[in-house]
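Heads up: the structure comes next, in structure tokens.
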Amino acid sequence: MSQRDWVAAAIHKIEADFNRSADTHLIPLELPGYPGIDLYLKDESSHPTGSLKHRLARSLFLYALANGWLREGAPVIEASSGSTAVSEAYFARLLGLPFIAVMPASTSPEKIAAITFYGGQCHLVEQAGAINAESERLAREHGGHFMDQFTYAERATDWRANNNIAESIFKQMAAEPHPIPEWIVCSPGTGGTGATLGRYVRYRRHATRILCVDPEHSVFFDYYRDALGGAGDPGRLHHCGSRIEGIGRPRVEPSFVPACIDAMVKVPDALSLAAMRWASATLGRRVGGSTGTNLVGVLHAAHAMCRAGRRGSIVTILCDAGDRYAHSYYDPAWYARCGIDTADSDAAIAAAVAGGVLPALATAAG
């Protein structure tokens with residue numbers, strides 16, 4: 001089989017897999033303290049690989065195939081904190097390609113097990129900031145392709161349509177009381193979701209604003225705030241990786257596009273995880289930490305809408321299920337080891353859900 005024929009067959013396999021898949025649900029969730037404000041969770045945990053990153057992995061594979069970067073039998077290498085690697089391992093297995101995930105050593109064992117289940121190999125590094133360089137080295141040594149989600153996420157996704165997450169949200173909102181959301185809240189890992197959402201709402205001329213919520217140990221918020229003042233440093237670094245897996249980065253990634261975002265909020269990890277626990281109890285099933293970060297952003301936006309006397313809708317993303325974090329976010333011993341308070345943060349989220357004010361958060365708006 002020629003390279004061109006192999007690429008055509010590979011794209012056909014991915015498209016057939018997509019045709020077998022249903023869209024993800026949009027779940028209404030009541031906020032008792034905010035009458036007239038409707039909240040919806042876009043439940044990305046229902047993808048075959050269990051997270052929002054399933055969409056990204058499909059787009060990255062199609063982009064790499066169309067560019068001629070993947071070859072029959074040659075390995076695919078990715079730098080990932082876990083969920084993207086799980087999804088890419090799925091697509092690599094679909095195409096019969098070897099897959100190597102380069103991840104921080106702190107990545108959850110549940111994610112490592114999922115990558116292994118799909119036939120991938122896990123290459124762990126101690127320093128989160130070293131995963132890109134190590135991925136490049138492995139790609140050279142093995143004659144493979146470094147997928148590089150942090151560079152290509154914002155351009156691999158077709159932001160105009162093609163059932164991206166933005167188009168899906170607006171289609172599912174069409175029959176709701178407030179079909180055009182006041183805010184869509186997301187959190188940056190690569191930055192690609194924020195770029196897709198921001199581009200789509202501008203392209204469709206919606207009034208919706210994009211609120212991006214950054215976890216405690218991440219550089220994106222600081223870069224965005226400085227960029228608003230004309231002094232954003234793309235070389236800015238943070239001293240450690242994020243404790244909220246899947247979001248936050250110690251360096252500014254190329255797929256993070258500040259101009260696509262209307263506002264940002266910096267969220268302490270204790271509040272993210274308290275909001276995660278509240279959502280899990282309210283939904284009757286566990287969600288991941290990044291969903292909690294998103295919900296703190298929702299409460300921030302809802303409180304501002306309430307103060308301004310505005311009604312409307314807010315949409316955010318349920319990024320993945322909490323089963324992948326049984327050893328950490330759902331283990332009391334993990335909180336003790338990390339020195340993270342739960343009682344005060346749980347009380348703060350409960351008060352905010354009832355309409356109270358969140359603890360002071362760092363904010364920036366374009």
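All residue names refer to the structure tokens as shown: chains lettered A, B, ... in order, residues numbered from 1 in each chain, ligands numbered from 1 in order.
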What are the closest atom pairs, with distances in Å to one decimal, for each residue of region 93-163 of chain A lying within 12 Å of region 14-37 of chain A, using only C-alpha atoms, rows by chain and rising residue number, as a tab-separated table?
residue	atom	partner	partner_atom	distance
A:Arg93	CA	A:Ile14	CA	11.0
A:Leu94	CA	A:Ile14	CA	7.7
A:Leu95	CA	A:Ile14	CA	8.2
A:Gly96	CA	A:Ile14	CA	12.0
A:Asn162	CA	A:Phe18	CA	11.3
A:Asn163	CA	A:Asp23	CA	8.8
- Message: I'd like the contact shell of region 172-180 of chain A - 6 Å cut-off, only C-alpha atoms, skipping same-chain residues fewer than 2 positions apart - returned as a ChimeraX atom specification.
- Response: /A:169-170,312-313
- Can you list, as a list of chain:residue names, every protein, DNA or RNA residue that comes within 7 Å of Ala263 (chain A) when you count only C-alpha atoms, leaving out same-chain residues fewer than 4 positions away?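 Near Ala263 (chain A), the qualifying residues are A:Ile210, A:Leu211, A:Cys212, A:Ala364, A:Ala365, A:Gly366.
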Store the residues of this selection in a file with all heavy atoms, as a PDB file, in the first residue's frame.
ATOM      1  N   ILE A 210     -16.282  34.547  26.618  1.00  0.00           N
ATOM      2  CA  ILE A 210     -15.517  33.376  27.041  1.00  0.00           C
ATOM      3  C   ILE A 210     -14.721  33.725  28.299  1.00  0.00           C
ATOM      4  O   ILE A 210     -13.896  34.643  28.293  1.00  0.00           O
ATOM      5  CB  ILE A 210     -14.550  32.900  25.936  1.00  0.00           C
ATOM      6  CG1 ILE A 210     -15.296  32.691  24.613  1.00  0.00           C
ATOM      7  CG2 ILE A 210     -13.827  31.621  26.374  1.00  0.00           C
ATOM      8  CD1 ILE A 210     -16.453  31.717  24.670  1.00  0.00           C
ATOM      9  N   LEU A 211     -15.021  32.987  29.369  1.00  0.00           N
ATOM     10  CA  LEU A 211     -14.293  33.140  30.627  1.00  0.00           C
ATOM     11  C   LEU A 211     -13.370  31.939  30.788  1.00  0.00           C
ATOM     12  O   LEU A 211     -13.814  30.791  30.783  1.00  0.00           O
ATOM     13  CB  LEU A 211     -15.261  33.209  31.810  1.00  0.00           C
ATOM     14  CG  LEU A 211     -14.634  33.223  33.211  1.00  0.00           C
ATOM     15  CD1 LEU A 211     -13.748  34.450  33.403  1.00  0.00           C
ATOM     16  CD2 LEU A 211     -15.705  33.165  34.287  1.00  0.00           C
ATOM     17  N   CYS A 212     -12.092  32.208  30.923  1.00  0.00           N
ATOM     18  CA  CYS A 212     -11.093  31.160  31.066  1.00  0.00           C
ATOM     19  C   CYS A 212     -10.613  31.145  32.516  1.00  0.00           C
ATOM     20  O   CYS A 212     -10.218  32.186  33.047  1.00  0.00           O
ATOM     21  CB  CYS A 212      -9.932  31.443  30.115  1.00  0.00           C
ATOM     22  SG  CYS A 212      -9.078  29.989  29.547  1.00  0.00           S
ATOM     23  N   ALA A 364      -8.957  39.249  35.542  1.00  0.00           N
ATOM     24  CA  ALA A 364      -8.480  40.145  34.476  1.00  0.00           C
ATOM     25  C   ALA A 364      -9.464  40.075  33.335  1.00  0.00           C
ATOM     26  O   ALA A 364     -10.007  39.000  33.040  1.00  0.00           O
ATOM     27  CB  ALA A 364      -7.092  39.740  34.012  1.00  0.00           C
ATOM     28  N   ALA A 365      -9.717  41.192  32.691  1.00  0.00           N
ATOM     29  CA  ALA A 365     -10.688  41.230  31.596  1.00  0.00           C
ATOM     30  C   ALA A 365     -10.146  42.064  30.445  1.00  0.00           C
ATOM     31  O   ALA A 365      -9.542  43.117  30.659  1.00  0.00           O
ATOM     32  CB  ALA A 365     -12.017  41.789  32.066  1.00  0.00           C
ATOM     33  N   GLY A 366     -10.389  41.575  29.221  1.00  0.00           N
ATOM     34  CA  GLY A 366      -9.924  42.268  28.039  1.00  0.00           C
ATOM     35  C   GLY A 366     -10.853  43.392  27.642  1.00  0.00           C
ATOM     36  O   GLY A 366     -11.930  43.544  28.158  1.00  0.00           O
TER      37      GLY A 366
END
- Task: Tell me which protein, DNA and RNA residues are within 10 Å of Pro254 (chain A), counting only C-alpha atoms, leaving out same-chain ones fewer than 4 positions away, and put them as a VMD selection string.
- Result: chain A and resid 149 to 154 190 to 192 234
- May I have the residues within 8 Å of region 67-73 of chain A as a list in words, using only C-alpha atoms and disregarding those fewer than 3 positions away in the same chain?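 Residues near the query, excluding close chain neighbours: Gln3, Trp6, Val7, Tyr63, Ala64, Val76, Gly96, Leu97, Pro98, Gly144 and His145 of chain A.
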Can you write out the residues you just picked, keeping all heavy atoms, as a PDB file, in the first residue's frame?
ATOM      1  N   GLN A   3       1.903   5.303   0.562  1.00  0.00           N
ATOM      2  CA  GLN A   3       1.671   6.217   1.672  1.00  0.00           C
ATOM      3  C   GLN A   3       0.345   6.943   1.503  1.00  0.00           C
ATOM      4  O   GLN A   3      -0.431   7.093   2.450  1.00  0.00           O
ATOM      5  CB  GLN A   3       2.830   7.217   1.770  1.00  0.00           C
ATOM      6  CG  GLN A   3       2.608   8.394   2.710  1.00  0.00           C
ATOM      7  CD  GLN A   3       2.576   8.009   4.187  1.00  0.00           C
ATOM      8  OE1 GLN A   3       2.812   6.856   4.535  1.00  0.00           O
ATOM      9  NE2 GLN A   3       2.283   8.976   5.035  1.00  0.00           N
ATOM     10  N   TRP A   6      -2.436   4.611   2.322  1.00  0.00           N
ATOM     11  CA  TRP A   6      -2.516   4.351   3.759  1.00  0.00           C
ATOM     12  C   TRP A   6      -3.159   5.525   4.489  1.00  0.00           C
ATOM     13  O   TRP A   6      -4.004   5.325   5.382  1.00  0.00           O
ATOM     14  CB  TRP A   6      -1.114   4.095   4.323  1.00  0.00           C
ATOM     15  CG  TRP A   6      -1.155   3.827   5.798  1.00  0.00           C
ATOM     16  CD1 TRP A   6      -1.436   2.643   6.415  1.00  0.00           C
ATOM     17  CD2 TRP A   6      -0.946   4.782   6.842  1.00  0.00           C
ATOM     18  NE1 TRP A   6      -1.412   2.793   7.773  1.00  0.00           N
ATOM     19  CE2 TRP A   6      -1.110   4.094   8.072  1.00  0.00           C
ATOM     20  CE3 TRP A   6      -0.629   6.143   6.866  1.00  0.00           C
ATOM     21  CZ2 TRP A   6      -0.977   4.734   9.305  1.00  0.00           C
ATOM     22  CZ3 TRP A   6      -0.489   6.775   8.098  1.00  0.00           C
ATOM     23  CH2 TRP A   6      -0.663   6.075   9.296  1.00  0.00           C
ATOM     24  N   VAL A   7      -2.811   6.753   4.121  1.00  0.00           N
ATOM     25  CA  VAL A   7      -3.415   7.939   4.735  1.00  0.00           C
ATOM     26  C   VAL A   7      -4.919   7.957   4.485  1.00  0.00           C
ATOM     27  O   VAL A   7      -5.722   8.216   5.399  1.00  0.00           O
ATOM     28  CB  VAL A   7      -2.752   9.229   4.209  1.00  0.00           C
ATOM     29  CG1 VAL A   7      -3.579  10.463   4.592  1.00  0.00           C
ATOM     30  CG2 VAL A   7      -1.333   9.356   4.740  1.00  0.00           C
ATOM     31  N   TYR A  63      -5.350  16.050  11.437  1.00  0.00           N
ATOM     32  CA  TYR A  63      -4.451  17.123  11.006  1.00  0.00           C
ATOM     33  C   TYR A  63      -3.090  16.550  10.599  1.00  0.00           C
ATOM     34  O   TYR A  63      -2.528  16.900   9.553  1.00  0.00           O
ATOM     35  CB  TYR A  63      -4.295  18.121  12.153  1.00  0.00           C
ATOM     36  CG  TYR A  63      -3.566  19.401  11.805  1.00  0.00           C
ATOM     37  CD1 TYR A  63      -4.133  20.348  10.965  1.00  0.00           C
ATOM     38  CD2 TYR A  63      -2.318  19.678  12.360  1.00  0.00           C
ATOM     39  CE1 TYR A  63      -3.479  21.533  10.674  1.00  0.00           C
ATOM     40  CE2 TYR A  63      -1.653  20.862  12.073  1.00  0.00           C
ATOM     41  CZ  TYR A  63      -2.235  21.786  11.232  1.00  0.00           C
ATOM     42  OH  TYR A  63      -1.586  22.962  10.942  1.00  0.00           O
ATOM     43  N   ALA A  64      -2.560  15.644  11.426  1.00  0.00           N
ATOM     44  CA  ALA A  64      -1.254  15.040  11.132  1.00  0.00           C
ATOM     45  C   ALA A  64      -1.317  14.167   9.879  1.00  0.00           C
ATOM     46  O   ALA A  64      -0.380  14.160   9.061  1.00  0.00           O
ATOM     47  CB  ALA A  64      -0.782  14.221  12.330  1.00  0.00           C
ATOM     48  N   VAL A  76       3.787   7.170  17.258  1.00  0.00           N
ATOM     49  CA  VAL A  76       3.283   8.499  17.603  1.00  0.00           C
ATOM     50  C   VAL A  76       3.698   8.766  19.045  1.00  0.00           C
ATOM     51  O   VAL A  76       3.520   7.908  19.921  1.00  0.00           O
ATOM     52  CB  VAL A  76       1.754   8.573  17.466  1.00  0.00           C
ATOM     53  CG1 VAL A  76       1.237   9.920  17.947  1.00  0.00           C
ATOM     54  CG2 VAL A  76       1.330   8.305  16.033  1.00  0.00           C
ATOM     55  N   GLY A  96      -3.427   1.146  14.140  1.00  0.00           N
ATOM     56  CA  GLY A  96      -2.348   0.165  14.201  1.00  0.00           C
ATOM     57  C   GLY A  96      -0.973   0.770  14.366  1.00  0.00           C
ATOM     58  O   GLY A  96       0.027   0.187  13.923  1.00  0.00           O
ATOM     59  N   LEU A  97      -0.889   1.935  15.034  1.00  0.00           N
ATOM     60  CA  LEU A  97       0.386   2.629  15.223  1.00  0.00           C
ATOM     61  C   LEU A  97       0.872   2.488  16.661  1.00  0.00           C
ATOM     62  O   LEU A  97       0.072   2.585  17.601  1.00  0.00           O
ATOM     63  CB  LEU A  97       0.244   4.118  14.893  1.00  0.00           C
ATOM     64  CG  LEU A  97      -0.147   4.481  13.461  1.00  0.00           C
ATOM     65  CD1 LEU A  97      -0.349   5.981  13.333  1.00  0.00           C
ATOM     66  CD2 LEU A  97       0.899   3.983  12.470  1.00  0.00           C
ATOM     67  N   PRO A  98       2.180   2.303  16.859  1.00  0.00           N
ATOM     68  CA  PRO A  98       2.716   2.325  18.230  1.00  0.00           C
ATOM     69  C   PRO A  98       2.528   3.713  18.834  1.00  0.00           C
ATOM     70  O   PRO A  98       2.565   4.724  18.125  1.00  0.00           O
ATOM     71  CB  PRO A  98       4.201   2.011  18.041  1.00  0.00           C
ATOM     72  CG  PRO A  98       4.324   1.441  16.669  1.00  0.00           C
ATOM     73  CD  PRO A  98       3.228   2.044  15.856  1.00  0.00           C
ATOM     74  N   GLY A 144       9.691   8.498  14.737  1.00  0.00           N
ATOM     75  CA  GLY A 144       8.251   8.697  14.823  1.00  0.00           C
ATOM     76  C   GLY A 144       7.861  10.158  14.707  1.00  0.00           C
ATOM     77  O   GLY A 144       8.668  11.019  14.327  1.00  0.00           O
ATOM     78  N   HIS A 145       6.616  10.449  15.068  1.00  0.00           N
ATOM     79  CA  HIS A 145       6.090  11.818  14.979  1.00  0.00           C
ATOM     80  C   HIS A 145       5.663  12.287  16.361  1.00  0.00           C
ATOM     81  O   HIS A 145       4.884  11.618  17.054  1.00  0.00           O
ATOM     82  CB  HIS A 145       4.893  11.870  14.030  1.00  0.00           C
ATOM     83  CG  HIS A 145       4.200  13.201  14.033  1.00  0.00           C
ATOM     84  ND1 HIS A 145       4.825  14.361  13.608  1.00  0.00           N
ATOM     85  CD2 HIS A 145       2.945  13.558  14.433  1.00  0.00           C
ATOM     86  CE1 HIS A 145       3.977  15.374  13.734  1.00  0.00           C
ATOM     87  NE2 HIS A 145       2.833  14.920  14.224  1.00  0.00           N
TER      88      HIS A 145
END
- Atomic distance CA of Ala133 (chain A) - CA of Arg225 (chain A), expressed in Å with one decimal: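 CA of Ala133 (chain A) sits 27.4 Å away from CA of Arg225 (chain A).
Backbone DSSP over region 81-226 of chain A gives strand (DSSP E) for Phe99, Ile100, Ala101, Val102, Met103, Pro104, Gln121, Cys122, His123, Leu124, Val125, His145, Phe146, Trp183, Ile184, Val185, Cys186, Arg209, Ile210, Leu211, Cys212, Val213, Asp214 and Pro215 of chain A.
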Considering only C-alpha atoms, tabulate each residue of region 254-323 of chain A that lies at most 12 Å from region 101-118 of chain A along with its nearest interatomic pair and the corresponding distance in Å to one decimal; arrange the rows by chain and ascending residue number and present them as a tab-separated table.
residue	atom	partner	partner_atom	distance
A:Gly288	CA	A:Ser108	CA	11.7
A:Asp320	CA	A:Lys111	CA	11.4
A:Ala321	CA	A:Glu110	CA	11.4
A:Gly322	CA	A:Glu110	CA	10.3
A:Asp323	CA	A:Glu110	CA	7.8
Could those residues be written to a file, using C-alpha atoms, as a PDB file, in the first residue's frame?
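Result went into again.pdb, see below:
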ATOM      1  CA  GLY A 288     -12.588  15.506  37.877  1.00  0.00           C
ATOM      2  CA  ASP A 320     -13.822  14.066  32.706  1.00  0.00           C
ATOM      3  CA  ALA A 321     -15.059  11.628  35.328  1.00  0.00           C
ATOM      4  CA  GLY A 322     -13.626  11.440  38.824  1.00  0.00           C
ATOM      5  CA  ASP A 323     -12.825   7.729  38.668  1.00  0.00           C
TER       6      ASP A 323
END
- Query: Expressed in Å to a single decimal, how great is the separation between CA of Thr193 (chain A) and CA of Asp269 (chain A)?
  - Reply: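 Those two atoms sit 20.9 Å apart.
You can rank A:Glu182, A:Ser45, A:Thr363, A:Cys122 by their closest distance to Arg286 (chain A) using only C-alpha atoms, and at the top of that list sits A:Ser45.
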- Task: Can you work out the spacing between CA of Ala348 (chain A) and CA of Cys306 (chain A) in Å, to one decimal?
- Result: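 Answer for the CA of Ala348 (chain A) to CA of Cys306 (chain A) separation: 18.0 Å.
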